[in-house]
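J.: Below you'll find the structure I mean.
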Amino acid sequence: MRLVIRLLLFFCLSGKVLAAGQVDSTRNSKLAILAKKMHLKETELEEGDYEVRIWNKCGLCFGDAQMLYRLIKKQKSFTVFKYIILSDQRGFRHATSFKPTVPVTDNLWSRLVEQGILTLPDQAAIHDQLFPKPQKDSTWTVIEADGSVSVKAKIRQNRSVLISDGESYYFDVFSATGYHNYGYSNPREYLKAMPTIAELQKVVGILDELAPAFNSTN
């Protein structure tokens, strides 16, 4: 009986790992297709150059993304664009691009790099911090003054929060030598619940750095 249970657990866990890989691959494929529909041309990158795309996906909206930040950093220039993407039940309709409403300088890029925009891991890397495993409560016996014995217990409280729907952010990082991607679901809401997780702090920090550059856009 124990062997059957272990086998069932193994296949369940294996299925979850496989499904996660399939979802990640499907996500990247859909965003690549969307980029082509938006006519985003590939940027020619030399050593030290980067292009970063930050896709924003609303959980209950049509389409694979509703907004995109596109950052292109070259040796002598740094440009940022914002795209509002419109889709309906039939698929992608069109995208409108916006230029920053305030001057954008290399200082912004430096702050984004400090936040880890080029190197952050995927949200899967902090899974155990978001959803910690329950710990065993500790107990001990105490002999009271009257000779009686009592059992004391220290109850551990692990905080775990599950947030569904909401919005997600997917990061594509292109360079002359490689490609890196990662994603975070509901980073602001999780940060409110888990304010000490460094990766969430950095993701929200990146978004907070970019938002003021497009104050007058939707």
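Each chain of the structure tokens is named A, B, ... in the order shown, its residues numbered from 1; ligands are numbered from 1 in display order.
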Which polymer residues have any atom within 9 Å of an atom of range 80-90 of chain A, counting only C-alpha atoms, with same-chain residues fewer than 3 positions away left out, as number ranges by chain?

T.: A: 38, 61-73, 93-100, 104, 210, 213-214, 217-218

J.: Limited to C-alpha atoms, could you put the picked residues into a file as a short mmCIF file (atom, residue, chain, number, x, y, z; two decimals), in the first residue's frame?

T.:
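So the final result, stored in out.cif, reads:
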data_model
loop_
_atom_site.label_atom_id
_atom_site.label_comp_id
_atom_site.auth_asym_id
_atom_site.auth_seq_id
_atom_site.Cartn_x
_atom_site.Cartn_y
_atom_site.Cartn_z
CA MET A 38 3.29 44.09 -33.36
CA CYS A 61 -8.28 40.19 -20.20
CA PHE A 62 -8.23 39.06 -23.81
CA GLY A 63 -4.83 38.50 -25.37
CA ASP A 64 -1.39 37.32 -24.27
CA ALA A 65 -0.36 40.77 -22.99
CA GLN A 66 -1.94 44.19 -22.56
CA MET A 67 1.15 46.34 -22.13
CA LEU A 68 4.83 46.23 -23.01
CA TYR A 69 7.88 48.20 -21.92
CA ARG A 70 10.69 47.95 -24.46
CA LEU A 71 14.14 49.08 -23.33
CA ILE A 72 17.11 49.25 -25.70
CA LYS A 73 20.51 50.02 -24.19
CA ARG A 93 -6.11 43.87 -32.88
CA HIS A 94 -3.42 46.55 -32.69
CA ALA A 95 -0.77 48.16 -30.48
CA THR A 96 -0.10 51.84 -29.83
CA SER A 97 3.42 52.97 -28.95
CA PHE A 98 4.31 55.85 -26.63
CA LYS A 99 7.54 57.71 -26.03
CA PRO A 100 8.51 58.81 -22.51
CA VAL A 104 15.21 59.29 -19.96
CA LEU A 210 9.62 52.89 -15.27
CA ALA A 213 8.43 57.98 -17.47
CA PHE A 214 4.93 57.57 -18.95
CA THR A 217 -0.31 57.35 -20.82
CA ASN A 218 -2.81 54.69 -19.82
#

J.: List as a list in words the protein and nucleic acid residues near range 169-186 of chain A, meaning an atom at most 7 Å away when only C-alpha atoms are counted, but skip any in the same chain fewer than 3 places from it.

T.: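 Once the nearby chain positions are removed, what remains is Leu45, Glu46, Glu47, Asp49, Tyr50, Glu51, Val52, Arg53, Ile54, Trp55, Asn56, Lys57, Leu118, Pro121, Asp122, Gln123, Gly166, Glu189 and Tyr190 of chain A.
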
J.: Could you pull out the alpha helix (DSSP H) residues of range 13-203 of chain A, going by DSSP on the backbone, and write them as an MDAnalysis selection string?

T.: chainID A and resid 13:37 106:114 127:130 187:193 198:203

J.: Tell me, in Å to one decimal, how far CA of Met194 in chain A is from CA of Gly116 in chain A.

T.: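 Those two atoms sit 18.9 Å apart.
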
J.: How many Å separate CA of Glu199 in chain A from CA of Asp165 in chain A?

T.: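 Value for the CA of Glu199 in chain A-CA of Asp165 in chain A distance: 20.3 Å.
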
J.: Using only C-alpha atoms, which residue out of A:Glu167, A:Gly59, A:Leu120, A:Val142 lies closest to Gln201 in chain A?

T.: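 Among the listed residues, the smallest separation from Gln201 in chain A belongs to A:Leu120.
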